[in-house]
Amino acid sequence: MSLGDSLRIAVRALVLQRLRTMLAMLGVIIGITAVIALLSVGTAASDSVTSKVSGLGARVIDLTPMGQSGVTLDAADASWLLRRVREISAAAPIISGSVTSYQGGKTWSTTLIGTTPGALAIEGRSVAIGRDFTRSETANDASVAVIGSTTAKKLFSGSDPIGRQITVDGVPLTIVGEMQTEGTSQGFGQDPDDEIVVPISLAQDIIGTSDLSMIVASARSASYVPLAVGHLEAVLDTRFGTTDAANVQSAAALGSTLSSITSILTLLLAGIAGISLLVGGIGIMNIMLVTVAERTREIGLRKAIGAKNRDISLQFLLEACLLSVTGGLIGAGAGIGGGILIERAFGWSPLIDWQGVTIALAFSVAVGILFGLWPALRASALDPVEALRSA
Amino acid sequence: MDVISVEGLSHTYLSGSLRVAALEGVDFGIPEGQMAAIVGPSGSGKSTLLHILGCLMQVERGTYRLSGEDVTKLPGDELARVRGTRIGFVFQAYNLVPQLTALENVELPLAYLGTPRRQRRQRAMQALEAVGLGERARHRPFELSGGQQQRVGVARAVVTEPSVILADEPTGNLDTASGQAVMELFRDLHRQGRTIVVVTHAPEVAAGCERTIHIRDGRVVKDARREGRPRDVARG
Ligand SMILES: Nc1ncnc2c1ncn2[C@@H]1O[C@H](COP(=O)(O)OP(=O)(O)OP(=O)(O)O)[C@@H](O)[C@H]1O
Ligand SMILES: [Mg+2]
């Protein structure tokens, strides 16, 4: 019997048993959907981390007080470090806290950042409209602020915020600039465009502490980063007499740590998805065994009128493969769609892992052959006389 | 030359530790164009014999020649080829594939032979028309009466132009009228020169054949040939 004829018989059998066909495919559909969605979300996540890091410039170094041994950092430490460590070209103190802002009857809870004028540049951000606050405004404790685009939207609903007044925890501020939208977030769910940036002394007054949450520094060039990290650590150790004063981390190192974590997670998730695909395969095998048992008499008849063993096994193998490949295709569509939805929700640029799709589809064919083979061979090994005698 | 020729055919079934000798040294030949009935009490080995003649079963002891070719020791795939090309089997329970239409059921043996679709369709249609069911080509088995289903079964058996048509109690599930209609088909085929072997319990079916082989306990106990063609017998 020709392959086309065998294929036609297999399609016919599957179409006639629609409900069973759907149920048999379900495992593979779920498995393939999960594999593809997880692979592409995982890849998008680590891509987002990597591009974020390279966007920041590979020169950024964060110093975060560890809070142990009572050591705190203040604004003076930032300028001291800049003087002592030649490998860095800029350092800015960062102080942050949660605040409530008011404008024209609108209330918005957001993050207040206090820093010096250079900080935005170090972090690779820029002012889209208006300007950054100046050195003299910082020195004079001026009541000026630069806000993120999300904050602007919430407080001014689209109208130009420059020159307008807001109140932050009771302190009136004048908006002088709005930052360029960052869009994607490094951490999950944290919007980088929702913040109010003010001169550090003003932030100290509003939040009520002069303890820094971190110092951001910039190495002279990317190649200086490892040296700068080592030097900063050494200088901090001698200044505070402990190795636990602050955690010094370059953005590049952070990025590679993060992306290796995400790729391990991706592999783990893909492994789990792969297992669900195997379960799907067992589902197909189960259905095929039932089908063979139900159609024993038909198999006997086909043999009696001239079907070779190969014709019978091919027919059932094709049926199993059609099940798993159709399931695989549906799953691929759902996985690609689901992956894009998830990536959009996290604000990452949508990404289809075509390599993953190809591998998953190849896997589904393999599942069909692997799990269809045994039922197919059982069918072809049936004794025609006994098969014809069956009910 | 005999289309079918068996010598010393024996077959033993093993059911558990019990050995059941279903056939014990059966010899006979069926010349081309003959219509023979095999009769005998239940359990005498008729179906076993017919299954061996139909190459559905391996020969255990003895030899079986089909149109001169020794098929005794043929491997599985070769037996399948012999079944597909040289044998047409008609079953008591019709055994049509329920998902397929009457026409597709008749096409099936040709499909396994690799006959091209168009030609297959044409030949199957002719075979269906020959059994008077041209109108029912698109019907599925459950839409047909038992008698009609068995006529589709006969069409399926003859569509490959086999050397011999084997039927195991083809009228066993049918009422008298439908049974007679099916037997009329066999007699038509016989008139066209086909070789037919029918296993039956019904005396009137055996009476319509020109030869009756009696089997008892796995042996041929009587082999009765009638003079003349069966139509003379049937029409008195
Ligand atoms: N698969 C089997 N396993 C064991 N014994 C079997 C098997 N098939 C048939 N037999 C035995 O072999 C003997 C011949 O059986 P067979 O079916 O050939 O008889 P039969 O003449 O066709 O009977 P009936 O007229 O009832 O159809 C019987 O005793 C039967 O019980
Ligand atoms: Mg019988």
# chains A, B, ... in the order shown; residues from 1 in each chain; ligands from 1

call {"tool": "residues_near_ligand", "arguments": {"ligand": "ligand 1", "cutoff": "7 Å", "atoms": "only C-alpha atoms and all ligand atoms", "output": "PDB file with N, CA and C atoms, in the first residue's frame"}}
result
ATOM      1  N   GLU A 386      -6.819 -15.318  14.670  1.00  0.00           N
ATOM      2  CA  GLU A 386      -7.281 -14.944  16.002  1.00  0.00           C
ATOM      3  C   GLU A 386      -7.887 -13.548  16.009  1.00  0.00           C
TER       4      GLU A 386
ATOM      5  N   TYR B  13      -3.873 -27.917  17.436  1.00  0.00           N
ATOM      6  CA  TYR B  13      -3.917 -26.703  18.269  1.00  0.00           C
ATOM      7  C   TYR B  13      -3.435 -27.054  19.659  1.00  0.00           C
ATOM      8  N   LEU B  14      -2.762 -26.135  20.265  1.00  0.00           N
ATOM      9  CA  LEU B  14      -2.375 -26.299  21.663  1.00  0.00           C
ATOM     10  C   LEU B  14      -3.230 -25.345  22.467  1.00  0.00           C
ATOM     11  N   SER B  15      -4.129 -25.911  23.292  1.00  0.00           N
ATOM     12  CA  SER B  15      -4.842 -24.989  24.172  1.00  0.00           C
ATOM     13  C   SER B  15      -4.486 -25.385  25.591  1.00  0.00           C
ATOM     14  N   VAL B  20      -5.197 -30.426  20.574  1.00  0.00           N
ATOM     15  CA  VAL B  20      -6.396 -30.747  19.808  1.00  0.00           C
ATOM     16  C   VAL B  20      -5.988 -30.960  18.354  1.00  0.00           C
ATOM     17  N   ALA B  21      -6.159 -32.193  17.880  1.00  0.00           N
ATOM     18  CA  ALA B  21      -5.824 -32.477  16.487  1.00  0.00           C
ATOM     19  C   ALA B  21      -7.005 -32.043  15.627  1.00  0.00           C
ATOM     20  N   ALA B  22      -6.879 -30.886  14.964  1.00  0.00           N
ATOM     21  CA  ALA B  22      -7.991 -30.358  14.171  1.00  0.00           C
ATOM     22  C   ALA B  22      -8.010 -30.986  12.780  1.00  0.00           C
ATOM     23  N   GLY B  40     -19.497 -30.926   7.392  1.00  0.00           N
ATOM     24  CA  GLY B  40     -19.080 -31.779   8.492  1.00  0.00           C
ATOM     25  C   GLY B  40     -19.605 -31.214   9.787  1.00  0.00           C
ATOM     26  N   PRO B  41     -19.623 -32.047  10.821  1.00  0.00           N
ATOM     27  CA  PRO B  41     -20.149 -31.569  12.100  1.00  0.00           C
ATOM     28  C   PRO B  41     -19.290 -30.446  12.686  1.00  0.00           C
ATOM     29  N   SER B  42     -19.864 -29.758  13.653  1.00  0.00           N
ATOM     30  CA  SER B  42     -19.144 -28.665  14.297  1.00  0.00           C
ATOM     31  C   SER B  42     -17.878 -29.196  14.966  1.00  0.00           C
ATOM     32  N   GLY B  43     -16.792 -28.498  14.794  1.00  0.00           N
ATOM     33  CA  GLY B  43     -15.525 -28.891  15.414  1.00  0.00           C
ATOM     34  C   GLY B  43     -14.761 -29.911  14.609  1.00  0.00           C
ATOM     35  N   SER B  44     -15.234 -30.239  13.388  1.00  0.00           N
ATOM     36  CA  SER B  44     -14.575 -31.283  12.608  1.00  0.00           C
ATOM     37  C   SER B  44     -13.314 -30.774  11.918  1.00  0.00           C
ATOM     38  N   GLY B  45     -13.100 -29.461  11.902  1.00  0.00           N
ATOM     39  CA  GLY B  45     -11.860 -28.943  11.316  1.00  0.00           C
ATOM     40  C   GLY B  45     -12.053 -28.173  10.027  1.00  0.00           C
ATOM     41  N   LYS B  46     -13.307 -27.857   9.662  1.00  0.00           N
ATOM     42  CA  LYS B  46     -13.588 -27.184   8.391  1.00  0.00           C
ATOM     43  C   LYS B  46     -12.929 -25.805   8.316  1.00  0.00           C
ATOM     44  N   SER B  47     -13.146 -25.013   9.374  1.00  0.00           N
ATOM     45  CA  SER B  47     -12.585 -23.657   9.357  1.00  0.00           C
ATOM     46  C   SER B  47     -11.066 -23.705   9.351  1.00  0.00           C
ATOM     47  N   THR B  48     -10.513 -24.624  10.139  1.00  0.00           N
ATOM     48  CA  THR B  48      -9.055 -24.770  10.162  1.00  0.00           C
ATOM     49  C   THR B  48      -8.540 -25.035   8.750  1.00  0.00           C
ATOM     50  N   LEU B  49      -9.197 -25.957   8.068  1.00  0.00           N
ATOM     51  CA  LEU B  49      -8.798 -26.291   6.699  1.00  0.00           C
ATOM     52  C   LEU B  49      -8.890 -25.065   5.790  1.00  0.00           C
TER      53      LEU B  49
END

call {"tool": "residues_around", "arguments": {"residues": "A:Thr150", "least_positions_apart": "3", "cutoff": "9 Å", "atoms": "only C-alpha atoms", "output": "PyMOL selection string"}}
result
chain A and resi 147+153-155+181+191-195

call {"tool": "interface_residues", "arguments": {"of": "chain A", "to": "chain B", "cutoff": "12 Å", "atoms": "only C-alpha atoms", "output": "JSON, numbers by chain"}}
result
{"A": [1, 2, 3, 4, 5, 6, 8, 9, 10, 11, 12, 13, 14, 15, 16, 17, 295, 296, 297, 298, 299, 300, 301, 302, 303, 304, 305, 306, 307, 308, 309, 310, 311, 312, 315, 380, 381, 382, 383, 384, 385, 386, 387, 388, 389, 390, 391]}

call {"tool": "atom_distance", "arguments": {"atom1": "atom CA of A:Asp47", "atom2": "atom CA of A:Trp348"}}
result
8.7 Å

call {"tool": "select_by_dssp", "arguments": {"residues": "stretch 43-210 of chain A", "states": "strand (DSSP E or B)", "output": "number ranges by chain"}}
result
A: 60-65, 88-103, 106-115, 127-130, 144-147, 165-168, 171-179, 195-199

call {"tool": "residues_around", "arguments": {"residues": "A:Val127", "least_positions_apart": "6", "cutoff": "10 Å", "atoms": "only C-alpha atoms", "output": "VMD selection string"}}
result
chain A and resid 120 to 121 146 to 148 176 to 181

call {"tool": "closest_residue", "arguments": {"among": "B:Gln122, B:Ser145, B:Gln150, B:Gln92", "to": "B:Val199", "atoms": "only C-alpha atoms"}}
result
B:Gln92

call {"tool": "closest_residue", "arguments": {"among": "B:Glu161, B:Glu107, B:Ile38, B:Ala224", "to": "ligand 2", "atoms": "only C-alpha atoms and all ligand atoms"}}
result
B:Ile38

call {"tool": "residues_around", "arguments": {"residues": "A:Ile342", "least_positions_apart": "4", "cutoff": "8 Å", "atoms": "only C-alpha atoms", "output": "NGL selection string"}}
result
:A and (41 or 338 or 346)

call {"tool": "write_last_selection", "arguments": {"atoms": "N, CA and C atoms", "output": "short mmCIF file (atom, residue, chain, number, x, y, z; two decimals), in the first residue's frame"}}
result
data_model
loop_
_atom_site.label_atom_id
_atom_site.label_comp_id
_atom_site.auth_asym_id
_atom_site.auth_seq_id
_atom_site.Cartn_x
_atom_site.Cartn_y
_atom_site.Cartn_z
N VAL A 41 10.72 32.75 26.62
CA VAL A 41 10.68 33.72 27.73
C VAL A 41 12.04 33.76 28.43
N GLY A 338 1.93 32.48 23.48
CA GLY A 338 2.01 32.66 24.93
C GLY A 338 3.31 33.33 25.34
N PHE A 346 6.19 41.64 30.66
CA PHE A 346 7.37 42.04 31.41
C PHE A 346 8.09 43.22 30.76
#

call {"tool": "residues_around", "arguments": {"residues": "A:Val168", "least_positions_apart": "3", "cutoff": "12 Å", "atoms": "only C-alpha atoms", "output": "PDB file with N, CA and C atoms, in the first residue's frame"}}
result
ATOM      1  N   GLY A  97      14.093  56.516  49.105  1.00  0.00           N
ATOM      2  CA  GLY A  97      13.048  56.186  50.061  1.00  0.00           C
ATOM      3  C   GLY A  97      11.687  56.289  49.410  1.00  0.00           C
ATOM      4  N   SER A  98      10.697  55.703  50.060  1.00  0.00           N
ATOM      5  CA  SER A  98       9.339  55.770  49.520  1.00  0.00           C
ATOM      6  C   SER A  98       8.671  57.062  49.987  1.00  0.00           C
ATOM      7  N   VAL A  99       8.002  57.719  49.072  1.00  0.00           N
ATOM      8  CA  VAL A  99       7.340  58.974  49.411  1.00  0.00           C
ATOM      9  C   VAL A  99       5.965  59.029  48.759  1.00  0.00           C
ATOM     10  N   THR A 100       5.170  60.002  49.172  1.00  0.00           N
ATOM     11  CA  THR A 100       3.886  60.235  48.530  1.00  0.00           C
ATOM     12  C   THR A 100       3.938  61.629  47.907  1.00  0.00           C
ATOM     13  N   SER A 101       3.560  61.690  46.627  1.00  0.00           N
ATOM     14  CA  SER A 101       3.616  62.980  45.948  1.00  0.00           C
ATOM     15  C   SER A 101       2.193  63.444  45.625  1.00  0.00           C
ATOM     16  N   TYR A 102       2.009  64.780  45.599  1.00  0.00           N
ATOM     17  CA  TYR A 102       0.693  65.364  45.320  1.00  0.00           C
ATOM     18  C   TYR A 102       0.833  66.383  44.215  1.00  0.00           C
ATOM     19  N   GLN A 103      -0.187  66.447  43.375  1.00  0.00           N
ATOM     20  CA  GLN A 103      -0.201  67.496  42.365  1.00  0.00           C
ATOM     21  C   GLN A 103      -1.633  67.684  41.920  1.00  0.00           C
ATOM     22  N   LYS A 106      -4.069  65.124  42.697  1.00  0.00           N
ATOM     23  CA  LYS A 106      -3.654  63.738  42.435  1.00  0.00           C
ATOM     24  C   LYS A 106      -2.615  63.317  43.464  1.00  0.00           C
ATOM     25  N   THR A 107      -2.706  62.048  43.879  1.00  0.00           N
ATOM     26  CA  THR A 107      -1.755  61.498  44.845  1.00  0.00           C
ATOM     27  C   THR A 107      -1.049  60.318  44.186  1.00  0.00           C
ATOM     28  N   TRP A 108       0.248  60.214  44.389  1.00  0.00           N
ATOM     29  CA  TRP A 108       0.968  59.083  43.774  1.00  0.00           C
ATOM     30  C   TRP A 108       2.115  58.644  44.675  1.00  0.00           C
ATOM     31  N   SER A 109       2.120  57.345  45.024  1.00  0.00           N
ATOM     32  CA  SER A 109       3.230  56.835  45.838  1.00  0.00           C
ATOM     33  C   SER A 109       4.366  56.445  44.919  1.00  0.00           C
ATOM     34  N   THR A 110       5.572  56.909  45.229  1.00  0.00           N
ATOM     35  CA  THR A 110       6.679  56.652  44.320  1.00  0.00           C
ATOM     36  C   THR A 110       7.995  56.598  45.104  1.00  0.00           C
ATOM     37  N   THR A 111       9.095  56.539  44.386  1.00  0.00           N
ATOM     38  CA  THR A 111      10.409  56.459  45.014  1.00  0.00           C
ATOM     39  C   THR A 111      11.116  57.810  44.878  1.00  0.00           C
ATOM     40  N   LEU A 112      11.657  58.303  45.974  1.00  0.00           N
ATOM     41  CA  LEU A 112      12.433  59.547  45.922  1.00  0.00           C
ATOM     42  C   LEU A 112      13.908  59.169  45.894  1.00  0.00           C
ATOM     43  N   ILE A 113      14.622  59.726  44.928  1.00  0.00           N
ATOM     44  CA  ILE A 113      16.068  59.480  44.809  1.00  0.00           C
ATOM     45  C   ILE A 113      16.786  60.805  45.060  1.00  0.00           C
ATOM     46  N   SER A 143      14.889  73.553  45.768  1.00  0.00           N
ATOM     47  CA  SER A 143      13.744  72.636  45.718  1.00  0.00           C
ATOM     48  C   SER A 143      13.383  72.315  44.272  1.00  0.00           C
ATOM     49  N   VAL A 144      14.276  71.588  43.609  1.00  0.00           N
ATOM     50  CA  VAL A 144      14.032  71.232  42.204  1.00  0.00           C
ATOM     51  C   VAL A 144      14.015  69.706  42.083  1.00  0.00           C
ATOM     52  N   ALA A 145      13.352  69.213  41.015  1.00  0.00           N
ATOM     53  CA  ALA A 145      13.263  67.757  40.833  1.00  0.00           C
ATOM     54  C   ALA A 145      13.230  67.389  39.352  1.00  0.00           C
ATOM     55  N   ILE A 147      11.802  64.156  37.076  1.00  0.00           N
ATOM     56  CA  ILE A 147      10.926  63.001  37.328  1.00  0.00           C
ATOM     57  C   ILE A 147      10.946  62.027  36.160  1.00  0.00           C
ATOM     58  N   LEU A 155       1.050  62.075  37.524  1.00  0.00           N
ATOM     59  CA  LEU A 155       0.758  63.347  38.191  1.00  0.00           C
ATOM     60  C   LEU A 155       0.224  64.412  37.235  1.00  0.00           C
ATOM     61  N   GLN A 165       4.653  72.702  39.874  1.00  0.00           N
ATOM     62  CA  GLN A 165       4.954  72.392  41.271  1.00  0.00           C
ATOM     63  C   GLN A 165       4.353  71.047  41.679  1.00  0.00           C
ATOM     64  N   VAL A 171       6.830  68.730  51.186  1.00  0.00           N
ATOM     65  CA  VAL A 171       7.815  69.703  50.703  1.00  0.00           C
ATOM     66  C   VAL A 171       7.494  70.073  49.253  1.00  0.00           C
ATOM     67  N   PRO A 172       7.299  71.373  48.953  1.00  0.00           N
ATOM     68  CA  PRO A 172       7.010  71.762  47.566  1.00  0.00           C
ATOM     69  C   PRO A 172       8.280  71.734  46.713  1.00  0.00           C
ATOM     70  N   LEU A 173       8.152  71.176  45.474  1.00  0.00           N
ATOM     71  CA  LEU A 173       9.287  71.067  44.550  1.00  0.00           C
ATOM     72  C   LEU A 173       8.876  71.612  43.192  1.00  0.00           C
ATOM     73  N   THR A 174       9.856  72.155  42.456  1.00  0.00           N
ATOM     74  CA  THR A 174       9.596  72.596  41.090  1.00  0.00           C
ATOM     75  C   THR A 174      10.240  71.593  40.123  1.00  0.00           C
ATOM     76  N   ILE A 175       9.430  71.140  39.135  1.00  0.00           N
ATOM     77  CA  ILE A 175       9.953  70.175  38.154  1.00  0.00           C
ATOM     78  C   ILE A 175      10.808  70.930  37.135  1.00  0.00           C
ATOM     79  N   GLU A 195      10.093  57.488  39.342  1.00  0.00           N
ATOM     80  CA  GLU A 195      10.890  58.023  40.454  1.00  0.00           C
ATOM     81  C   GLU A 195      11.003  59.545  40.348  1.00  0.00           C
ATOM     82  N   ILE A 196      11.295  60.141  41.488  1.00  0.00           N
ATOM     83  CA  ILE A 196      11.521  61.588  41.540  1.00  0.00           C
ATOM     84  C   ILE A 196      12.963  61.783  42.001  1.00  0.00           C
ATOM     85  N   VAL A 197      13.773  62.462  41.193  1.00  0.00           N
ATOM     86  CA  VAL A 197      15.189  62.646  41.520  1.00  0.00           C
ATOM     87  C   VAL A 197      15.409  64.094  41.963  1.00  0.00           C
ATOM     88  N   VAL A 198      16.001  64.252  43.144  1.00  0.00           N
ATOM     89  CA  VAL A 198      16.216  65.606  43.693  1.00  0.00           C
ATOM     90  C   VAL A 198      17.661  65.705  44.200  1.00  0.00           C
ATOM     91  N   LEU A 202      18.369  67.774  49.818  1.00  0.00           N
ATOM     92  CA  LEU A 202      16.923  67.888  49.919  1.00  0.00           C
ATOM     93  C   LEU A 202      16.316  66.525  50.291  1.00  0.00           C
ATOM     94  N   ALA A 203      16.816  65.457  49.626  1.00  0.00           N
ATOM     95  CA  ALA A 203      16.309  64.113  49.899  1.00  0.00           C
ATOM     96  C   ALA A 203      16.581  63.716  51.341  1.00  0.00           C
ATOM     97  N   ASP A 205      16.643  65.670  53.896  1.00  0.00           N
ATOM     98  CA  ASP A 205      15.637  66.338  54.726  1.00  0.00           C
ATOM     99  C   ASP A 205      14.298  65.611  54.655  1.00  0.00           C
ATOM    100  N   ILE A 206      13.889  65.250  53.426  1.00  0.00           N
ATOM    101  CA  ILE A 206      12.561  64.649  53.250  1.00  0.00           C
ATOM    102  C   ILE A 206      12.511  63.249  53.857  1.00  0.00           C
ATOM    103  N   ILE A 207      13.536  62.429  53.556  1.00  0.00           N
ATOM    104  CA  ILE A 207      13.513  61.042  54.030  1.00  0.00           C
ATOM    105  C   ILE A 207      13.941  60.965  55.495  1.00  0.00           C
TER     106      ILE A 207
END

call {"tool": "closest_residue", "arguments": {"among": "B:Gly33, B:Gly68, B:Pro170, B:Gly25", "to": "ligand 2", "atoms": "only C-alpha atoms and all ligand atoms"}}
result
B:Pro170

call {"tool": "select_by_dssp", "arguments": {"residues": "stretch 24-67 of chain A", "states": "alpha helix (DSSP H)", "output": "PyMOL selection string"}}
result
chain A and resi 24-56

call {"tool": "residues_around", "arguments": {"residues": "B:Ser5", "least_positions_apart": "3", "cutoff": "6 Å", "atoms": "only C-alpha atoms", "output": "MDAnalysis selection string"}}
result
chainID B and resid 28:29 64:65

call {"tool": "decode", "arguments": {"residues": "stretch 93-118 of chain A", "atoms": "N, CA and C atoms", "output": "PDB file, in the first residue's frame"}}
result
ATOM      1  N   PRO A  93      26.643  59.724  45.116  1.00  0.00           N
ATOM      2  CA  PRO A  93      25.924  59.107  46.224  1.00  0.00           C
ATOM      3  C   PRO A  93      24.447  58.974  45.858  1.00  0.00           C
ATOM      4  N   ILE A  94      23.838  57.910  46.324  1.00  0.00           N
ATOM      5  CA  ILE A  94      22.405  57.706  46.058  1.00  0.00           C
ATOM      6  C   ILE A  94      21.716  57.444  47.389  1.00  0.00           C
ATOM      7  N   ILE A  95      20.623  58.194  47.586  1.00  0.00           N
ATOM      8  CA  ILE A  95      19.823  57.964  48.788  1.00  0.00           C
ATOM      9  C   ILE A  95      18.408  57.734  48.266  1.00  0.00           C
ATOM     10  N   SER A  96      17.682  56.797  48.834  1.00  0.00           N
ATOM     11  CA  SER A  96      16.340  56.580  48.273  1.00  0.00           C
ATOM     12  C   SER A  96      15.348  56.211  49.364  1.00  0.00           C
ATOM     13  N   GLY A  97      14.093  56.516  49.105  1.00  0.00           N
ATOM     14  CA  GLY A  97      13.048  56.186  50.061  1.00  0.00           C
ATOM     15  C   GLY A  97      11.687  56.289  49.410  1.00  0.00           C
ATOM     16  N   SER A  98      10.697  55.703  50.060  1.00  0.00           N
ATOM     17  CA  SER A  98       9.339  55.770  49.520  1.00  0.00           C
ATOM     18  C   SER A  98       8.671  57.062  49.987  1.00  0.00           C
ATOM     19  N   VAL A  99       8.002  57.719  49.072  1.00  0.00           N
ATOM     20  CA  VAL A  99       7.340  58.974  49.411  1.00  0.00           C
ATOM     21  C   VAL A  99       5.965  59.029  48.759  1.00  0.00           C
ATOM     22  N   THR A 100       5.170  60.002  49.172  1.00  0.00           N
ATOM     23  CA  THR A 100       3.886  60.235  48.530  1.00  0.00           C
ATOM     24  C   THR A 100       3.938  61.629  47.907  1.00  0.00           C
ATOM     25  N   SER A 101       3.560  61.690  46.627  1.00  0.00           N
ATOM     26  CA  SER A 101       3.616  62.980  45.948  1.00  0.00           C
ATOM     27  C   SER A 101       2.193  63.444  45.625  1.00  0.00           C
ATOM     28  N   TYR A 102       2.009  64.780  45.599  1.00  0.00           N
ATOM     29  CA  TYR A 102       0.693  65.364  45.320  1.00  0.00           C
ATOM     30  C   TYR A 102       0.833  66.383  44.215  1.00  0.00           C
ATOM     31  N   GLN A 103      -0.187  66.447  43.375  1.00  0.00           N
ATOM     32  CA  GLN A 103      -0.201  67.496  42.365  1.00  0.00           C
ATOM     33  C   GLN A 103      -1.633  67.684  41.920  1.00  0.00           C
ATOM     34  N   GLY A 104      -2.138  68.891  42.081  1.00  0.00           N
ATOM     35  CA  GLY A 104      -3.485  69.228  41.597  1.00  0.00           C
ATOM     36  C   GLY A 104      -4.531  68.204  41.997  1.00  0.00           C
ATOM     37  N   GLY A 105      -4.497  67.764  43.263  1.00  0.00           N
ATOM     38  CA  GLY A 105      -5.501  66.822  43.734  1.00  0.00           C
ATOM     39  C   GLY A 105      -5.137  65.365  43.467  1.00  0.00           C
ATOM     40  N   LYS A 106      -4.069  65.124  42.697  1.00  0.00           N
ATOM     41  CA  LYS A 106      -3.654  63.738  42.435  1.00  0.00           C
ATOM     42  C   LYS A 106      -2.615  63.317  43.464  1.00  0.00           C
ATOM     43  N   THR A 107      -2.706  62.048  43.879  1.00  0.00           N
ATOM     44  CA  THR A 107      -1.755  61.498  44.845  1.00  0.00           C
ATOM     45  C   THR A 107      -1.049  60.318  44.186  1.00  0.00           C
ATOM     46  N   TRP A 108       0.248  60.214  44.389  1.00  0.00           N
ATOM     47  CA  TRP A 108       0.968  59.083  43.774  1.00  0.00           C
ATOM     48  C   TRP A 108       2.115  58.644  44.675  1.00  0.00           C
ATOM     49  N   SER A 109       2.120  57.345  45.024  1.00  0.00           N
ATOM     50  CA  SER A 109       3.230  56.835  45.838  1.00  0.00           C
ATOM     51  C   SER A 109       4.366  56.445  44.919  1.00  0.00           C
ATOM     52  N   THR A 110       5.572  56.909  45.229  1.00  0.00           N
ATOM     53  CA  THR A 110       6.679  56.652  44.320  1.00  0.00           C
ATOM     54  C   THR A 110       7.995  56.598  45.104  1.00  0.00           C
ATOM     55  N   THR A 111       9.095  56.539  44.386  1.00  0.00           N
ATOM     56  CA  THR A 111      10.409  56.459  45.014  1.00  0.00           C
ATOM     57  C   THR A 111      11.116  57.810  44.878  1.00  0.00           C
ATOM     58  N   LEU A 112      11.657  58.303  45.974  1.00  0.00           N
ATOM     59  CA  LEU A 112      12.433  59.547  45.922  1.00  0.00           C
ATOM     60  C   LEU A 112      13.908  59.169  45.894  1.00  0.00           C
ATOM     61  N   ILE A 113      14.622  59.726  44.928  1.00  0.00           N
ATOM     62  CA  ILE A 113      16.068  59.480  44.809  1.00  0.00           C
ATOM     63  C   ILE A 113      16.786  60.805  45.060  1.00  0.00           C
ATOM     64  N   GLY A 114      17.725  60.807  45.995  1.00  0.00           N
ATOM     65  CA  GLY A 114      18.551  61.994  46.187  1.00  0.00           C
ATOM     66  C   GLY A 114      19.953  61.698  45.700  1.00  0.00           C
ATOM     67  N   THR A 115      20.515  62.622  44.887  1.00  0.00           N
ATOM     68  CA  THR A 115      21.855  62.353  44.360  1.00  0.00           C
ATOM     69  C   THR A 115      22.502  63.656  43.901  1.00  0.00           C
ATOM     70  N   THR A 116      23.620  63.524  43.222  1.00  0.00           N
ATOM     71  CA  THR A 116      24.306  64.698  42.674  1.00  0.00           C
ATOM     72  C   THR A 116      24.099  64.715  41.167  1.00  0.00           C
ATOM     73  N   PRO A 117      24.352  65.852  40.511  1.00  0.00           N
ATOM     74  CA  PRO A 117      24.012  65.976  39.092  1.00  0.00           C
ATOM     75  C   PRO A 117      24.622  64.894  38.184  1.00  0.00           C
ATOM     76  N   GLY A 118      25.761  64.330  38.515  1.00  0.00           N
ATOM     77  CA  GLY A 118      26.404  63.380  37.603  1.00  0.00           C
ATOM     78  C   GLY A 118      25.758  62.004  37.560  1.00  0.00           C
TER      79      GLY A 118
END
